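S.K.: Structure file my_file-v5.pdb (PDB, C-alpha atoms) right here:
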```pdb
ATOM      1  CA  MET W   1      -7.420  33.272 -12.366
ATOM      2  CA  LEU W   2      -9.809  32.918  -9.437
ATOM      3  CA  ARG W   3     -10.331  29.237 -10.286
ATOM      4  CA  LEU W   4      -6.574  28.656 -10.266
ATOM      5  CA  ALA W   5      -6.239  30.347  -6.874
ATOM      6  CA  LEU W   6      -9.115  28.303  -5.440
ATOM      7  CA  ALA W   7      -7.624  25.081  -6.805
ATOM      8  CA  ALA W   8      -4.246  25.924  -5.270
ATOM      9  CA  CYS W   9      -5.863  26.605  -1.884
ATOM     10  CA  LEU W  10      -7.789  23.357  -2.050
ATOM     11  CA  LEU W  11      -4.699  21.342  -2.928
ATOM     12  CA  ALA W  12      -2.671  23.034  -0.202
ATOM     13  CA  SER W  13      -5.231  22.027   2.406
ATOM     14  CA  VAL W  14      -5.349  18.340   1.438
ATOM     15  CA  GLY W  15      -3.266  16.007   3.606
ATOM     16  CA  CYS W  16      -1.096  13.204   2.353
ATOM     17  CA  ARG W  17      -3.226  10.368   3.557
ATOM     18  CA  THR W  18      -3.509   6.665   3.093
ATOM     19  CA  SER W  19      -7.263   6.438   3.675
ATOM     20  CA  LEU W  20     -10.385   8.497   4.059
ATOM     21  CA  ASP W  21     -11.866   6.053   6.565
ATOM     22  CA  ASP W  22     -12.644   6.932  10.160
ATOM     23  CA  ASP W  23     -11.309   4.767  12.947
ATOM     24  CA  ASP W  24     -12.973   4.210  16.312
ATOM     25  CA  ASP W  25     -12.475   7.796  17.469
ATOM     26  CA  GLY W  26     -14.626   9.172  14.633
ATOM     27  CA  ILE W  27     -11.845  11.433  13.349
ATOM     28  CA  SER W  28     -10.818  10.959   9.741
ATOM     29  CA  ASP W  29      -7.144  10.081   9.737
ATOM     30  CA  ASP W  30      -4.653   7.913   7.916
ATOM     31  CA  THR W  31      -3.365   4.561   9.146
ATOM     32  CA  ASP W  32      -0.669   6.266  11.200
ATOM     33  CA  GLY W  33      -3.231   8.325  13.105
ATOM     34  CA  MET W  34      -2.295  11.565  11.355
ATOM     35  CA  PRO W  35      -5.264  13.826  10.535
ATOM     36  CA  ILE W  36      -6.103  13.862   6.832
ATOM     37  CA  ASP W  37      -5.565  17.612   6.799
ATOM     38  CA  ALA W  38      -1.895  17.148   7.685
ATOM     39  CA  PRO W  39       0.482  18.820   5.206
ATOM     40  CA  ILE W  40       0.855  16.862   1.990
ATOM     41  CA  SER W  41       4.359  15.828   0.965
ATOM     42  CA  ALA W  42       5.782  17.291  -2.230
ATOM     43  CA  SER W  43       5.989  13.880  -3.923
ATOM     44  CA  CYS W  44       2.373  13.080  -3.032
ATOM     45  CA  MET W  45       1.237  16.496  -4.254
ATOM     46  CA  GLU W  46       3.131  15.996  -7.517
ATOM     47  CA  ALA W  47       1.410  12.623  -8.035
ATOM     48  CA  THR W  48      -1.902  14.436  -8.469
ATOM     49  CA  THR W  49      -0.592  15.845 -11.760
ATOM     50  CA  TYR W  50       0.229  12.674 -13.690
ATOM     51  CA  GLN W  51      -1.179   9.381 -14.884
ATOM     52  CA  ASN W  52       1.446   8.148 -17.336
ATOM     53  CA  LEU W  53       3.723   5.153 -16.872
ATOM     54  CA  ALA W  54       6.978   7.087 -17.299
ATOM     55  CA  ASN W  55       6.204   9.236 -14.246
ATOM     56  CA  ILE W  56       4.859   6.270 -12.279
ATOM     57  CA  GLU W  57       8.035   4.281 -12.963
ATOM     58  CA  ALA W  58      10.364   7.195 -12.148
ATOM     59  CA  LYS W  59       8.518   8.801  -9.256
ATOM     60  CA  ILE W  60       6.663   5.944  -7.570
ATOM     61  CA  PHE W  61       8.100   2.551  -8.504
ATOM     62  CA  LYS W  62      11.749   3.684  -8.491
ATOM     63  CA  GLN W  63      11.423   5.310  -5.059
ATOM     64  CA  SER W  64       9.160   2.770  -3.368
ATOM     65  CA  CYS W  65       9.521  -0.565  -5.159
ATOM     66  CA  VAL W  66      12.905  -0.884  -6.897
ATOM     67  CA  PHE W  67      15.175   0.353  -4.114
ATOM     68  CA  SER W  68      17.463  -1.993  -2.137
ATOM     69  CA  GLY W  69      16.958  -5.043  -4.310
ATOM     70  CA  CYS W  70      13.158  -5.175  -4.441
ATOM     71  CA  HIS W  71      11.453  -5.498  -7.831
ATOM     72  CA  ASN W  72      14.637  -4.569  -9.686
ATOM     73  CA  GLY W  73      14.843  -7.536 -12.035
ATOM     74  CA  ALA W  74      17.270  -9.429  -9.804
ATOM     75  CA  ASN W  75      16.979 -13.178  -9.555
ATOM     76  CA  THR W  76      15.080 -13.071  -6.249
ATOM     77  CA  ASP W  77      11.498 -13.770  -5.240
ATOM     78  CA  ALA W  78      10.745 -10.033  -5.323
ATOM     79  CA  GLY W  79      12.718  -9.704  -8.554
ATOM     80  CA  ARG W  80      10.151 -11.792 -10.384
ATOM     81  CA  LEU W  81       8.275  -8.523 -10.824
ATOM     82  CA  ASP W  82      10.531  -5.986 -12.543
ATOM     83  CA  LEU W  83       9.353  -2.429 -11.908
ATOM     84  CA  ARG W  84      12.441  -0.641 -13.210
ATOM     85  CA  GLU W  85      12.007   2.206 -15.667
ATOM     86  CA  GLY W  86      11.237   0.816 -19.114
ATOM     87  CA  MET W  87      10.551  -2.680 -17.735
ATOM     88  CA  ALA W  88       7.349  -2.395 -15.665
ATOM     89  CA  PHE W  89       4.888  -2.444 -18.575
ATOM     90  CA  ALA W  90       5.934  -5.931 -19.732
ATOM     91  CA  ASP W  91       5.687  -7.337 -16.192
ATOM     92  CA  LEU W  92       2.373  -5.697 -15.296
ATOM     93  CA  VAL W  93      -0.108  -5.109 -18.113
ATOM     94  CA  GLY W  94      -2.150  -8.178 -19.013
ATOM     95  CA  VAL W  95       0.096 -10.446 -16.908
ATOM     96  CA  ASP W  96      -1.486 -12.988 -14.543
ATOM     97  CA  SER W  97      -0.691 -12.411 -10.883
ATOM     98  CA  ALA W  98       1.514 -15.150  -9.430
ATOM     99  CA  ILE W  99      -0.118 -14.543  -6.038
ATOM    100  CA  SER W 100      -3.732 -14.377  -7.211
ATOM    101  CA  PRO W 101      -4.025 -16.168 -10.585
ATOM    102  CA  ALA W 102      -7.672 -15.076 -10.957
ATOM    103  CA  HIS W 103      -6.389 -11.519 -11.409
ATOM    104  CA  LYS W 104      -4.176  -9.702 -13.860
ATOM    105  CA  MET W 105      -1.462  -7.579 -12.292
ATOM    106  CA  VAL W 106      -2.882  -4.695 -14.345
ATOM    107  CA  ALA W 107      -6.120  -5.058 -16.280
ATOM    108  CA  ALA W 108      -6.115  -2.079 -18.655
ATOM    109  CA  GLY W 109      -9.164   0.091 -18.038
ATOM    110  CA  ASP W 110     -10.267  -1.891 -14.955
ATOM    111  CA  PRO W 111      -8.675  -0.892 -11.641
ATOM    112  CA  LYS W 112     -10.820  -3.297  -9.587
ATOM    113  CA  ALA W 113      -9.538  -6.222 -11.644
ATOM    114  CA  SER W 114      -5.924  -5.055 -11.239
ATOM    115  CA  TYR W 115      -4.149  -6.972  -8.479
ATOM    116  CA  LEU W 116      -1.458  -4.286  -8.298
ATOM    117  CA  LEU W 117      -4.008  -1.954  -6.690
ATOM    118  CA  VAL W 118      -5.242  -4.721  -4.371
ATOM    119  CA  ILE W 119      -1.764  -5.556  -3.067
ATOM    120  CA  MET W 120      -1.054  -1.826  -2.670
ATOM    121  CA  GLN W 121      -4.196  -1.541  -0.488
ATOM    122  CA  HIS W 122      -5.980   0.814  -2.882
ATOM    123  CA  VAL W 123      -8.769  -1.579  -3.875
ATOM    124  CA  PRO W 124     -10.320  -3.381  -0.881
ATOM    125  CA  LEU W 125     -10.276  -7.193  -1.092
ATOM    126  CA  ALA W 126     -14.086  -7.459  -1.248
ATOM    127  CA  GLU W 127     -14.306  -4.815  -4.012
ATOM    128  CA  ALA W 128     -11.787  -6.525  -6.295
ATOM    129  CA  THR W 129     -13.115  -8.226  -9.418
ATOM    130  CA  PRO W 130     -13.337 -11.087  -8.603
ATOM    131  CA  PRO W 131     -13.069 -10.603  -4.819
ATOM    132  CA  ALA W 132      -9.497 -11.201  -3.655
ATOM    133  CA  GLU W 133      -7.969 -12.854  -0.628
ATOM    134  CA  GLU W 134      -5.357 -11.283   1.604
ATOM    135  CA  PRO W 135      -1.842 -11.857   0.229
ATOM    136  CA  PRO W 136       0.092 -14.649   1.964
ATOM    137  CA  ALA W 137       2.039 -13.560   5.047
ATOM    138  CA  SER W 138       5.277 -14.422   3.234
ATOM    139  CA  VAL W 139       4.438 -11.719   0.668
ATOM    140  CA  GLY W 140       2.301  -9.157   2.490
ATOM    141  CA  TYR W 141       1.000  -5.871   1.194
ATOM    142  CA  MET W 142       3.210  -3.532  -0.803
ATOM    143  CA  PRO W 143       5.395  -1.615  -0.570
ATOM    144  CA  GLN W 144       7.175  -3.365   2.273
ATOM    145  CA  GLY W 145      10.126  -0.993   2.456
ATOM    146  CA  THR W 146       7.931   1.714   3.971
ATOM    147  CA  GLY W 147       7.552  -0.097   7.279
ATOM    148  CA  GLY W 148       4.205  -1.525   6.247
ATOM    149  CA  ALA W 149       2.580   1.835   5.502
ATOM    150  CA  PRO W 150       0.862   2.048   2.124
ATOM    151  CA  LEU W 151       1.804   4.651  -0.434
ATOM    152  CA  CYS W 152      -0.094   7.901  -0.006
ATOM    153  CA  VAL W 153      -3.508   7.905  -1.617
ATOM    154  CA  GLU W 154      -2.358  10.455  -4.207
ATOM    155  CA  LYS W 155       0.311   8.074  -5.579
ATOM    156  CA  ARG W 156      -2.082   5.122  -5.620
ATOM    157  CA  ALA W 157      -4.660   7.322  -7.362
ATOM    158  CA  ALA W 158      -2.073   8.200 -10.055
ATOM    159  CA  ILE W 159      -1.617   4.473 -10.738
ATOM    160  CA  GLU W 160      -5.406   4.032 -10.808
ATOM    161  CA  ARG W 161      -5.731   6.910 -13.324
ATOM    162  CA  TRP W 162      -3.075   5.281 -15.527
ATOM    163  CA  ILE W 163      -4.976   1.975 -15.436
ATOM    164  CA  MET W 164      -8.321   3.705 -16.133
ATOM    165  CA  ALA W 165      -6.742   5.507 -19.110
ATOM    166  CA  GLY W 166      -5.864   2.132 -20.655
ATOM    167  CA  ALA W 167      -2.527   1.341 -18.946
ATOM    168  CA  LEU W 168      -0.544   2.609 -21.930
ATOM    169  CA  ASN W 169       3.202   2.194 -22.292
ATOM    170  CA  ASP W 170       3.718   5.934 -22.124
TER     171      ASP W 170
END
```
Go ahead and express the file in the form of structure tokens.

M.R.:
Amino acid sequence: MLRLALAACLLASVGCRTSLDDDDDGISDDTDGMPIDAPISASCMEATTYQNLANIEAKIFKQSCVFSGCHNGANTDAGRLDLREGMAFADLVGVDSAISPAHKMVAAGDPKASYLLVIMQHVPLAEATPPAEEPPASVGYMPQGTGGAPLCVEKRAAIERWIMAGALND
């Protein structure tokens, strides 16, 4: 019971952040300048509890990637990557990236070789396997509908856990 209480306190004190890096002022904060101990959003907190594709599709892709015509299977440039529920697996796992052909969109078991995590700013360009280049300006980093801010680290970590676990169609 004590462990559960300690875990709850620890989780409650963690901020919804995009990075653990310090900027020039030496204070750890996210890319918006918010301290990393800022309150964590409910959806970011929930992301710490899953690593399966069904939750990722419903709670991350649907909210951040499929909305307003992006990645929804439509016949558009963004629609070339279909991240709708029940469709994402076929468009991601083992599929060559159209932007970076040296990478798979998702390389099961290998987050650093998964371009999805590179374009979502979770894996730094130099740490990708092989090292990646910045996406073209016409594409940019994802998701774009958030005003250029990356998904919180907790959501990106859920996707990384799914990839590490073998990127199953679960």

S.K.: Using the chain letters and numbers from the file, which residues does the PyMOL selection byres ((chain W and resi 160-165) around 8) grab, as a list in words?

M.R.: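 Here the PyMOL selection byres ((chain W and resi 160-165) around 8) matches Gln51, Asn52, Leu53, Val106, Ala107, Ala108, Gly109, Asp110, Pro111, Leu117, Arg156, Ala157, Ala158, Ile159, Gly166, Ala167 and Leu168 of chain W.
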
S.K.: Taking the file as shown, find all residues satisfying the PyMOL selection byres ((chain W and resi 73) around 12) and write them as a PyMOL selection string.

M.R.: chain W and resi 65-72+74-88+90-91

S.K.: Hey, what comes out of the PyMOL selection byres ((chain W and resi 95-105) around 9) on this file? Could you write it as a list in words?

M.R.: Ala90, Asp91, Leu92, Val93, Gly94, Val106, Ala107, Ala113, Ser114, Tyr115, Leu116, Leu117, Ala128, Thr129, Pro130, Ala132, Glu133, Pro135, Pro136 and Val139 of chain W

S.K.: Pick out the residues sitting within 10 Å of Lys59 of chain W, and hand them over as a count of residues only; count all atoms listed in the file, and ignore anything fewer than 5 positions along from it in its own chain.

M.R.: 9

S.K.: Quick one, how far is atom CA of Phe89 of chain W from atom CA of Gln144 of chain W?

M.R.: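 Separation between atom CA of Phe89 of chain W and atom CA of Gln144 of chain W: 21.0 Å.
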
S.K.: One decimal, in Å: what's the spacing between atom CA of Ile60 of chain W and atom CA of Val123 of chain W?

M.R.: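 Rounded to one decimal, the two atoms are 17.6 Å apart.
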
S.K.: Need the axis-aligned box for segment 46-50 of chain W with 3 Å each side, so what are the centre and edges in Å to one decimal, as lines of an AutoDock Vina configuration file?

M.R.:
```
center_x = 0.6
center_y = 14.3
center_z = -10.6
size_x = 11.0
size_y = 9.4
size_z = 12.2
```

S.K.: Atom CA of Met120 of chain W to atom CA of Met142 of chain W: how many Å, to one decimal?

M.R.: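 Computed distance, atom CA of Met120 of chain W to atom CA of Met142 of chain W, equals 5.0 Å.
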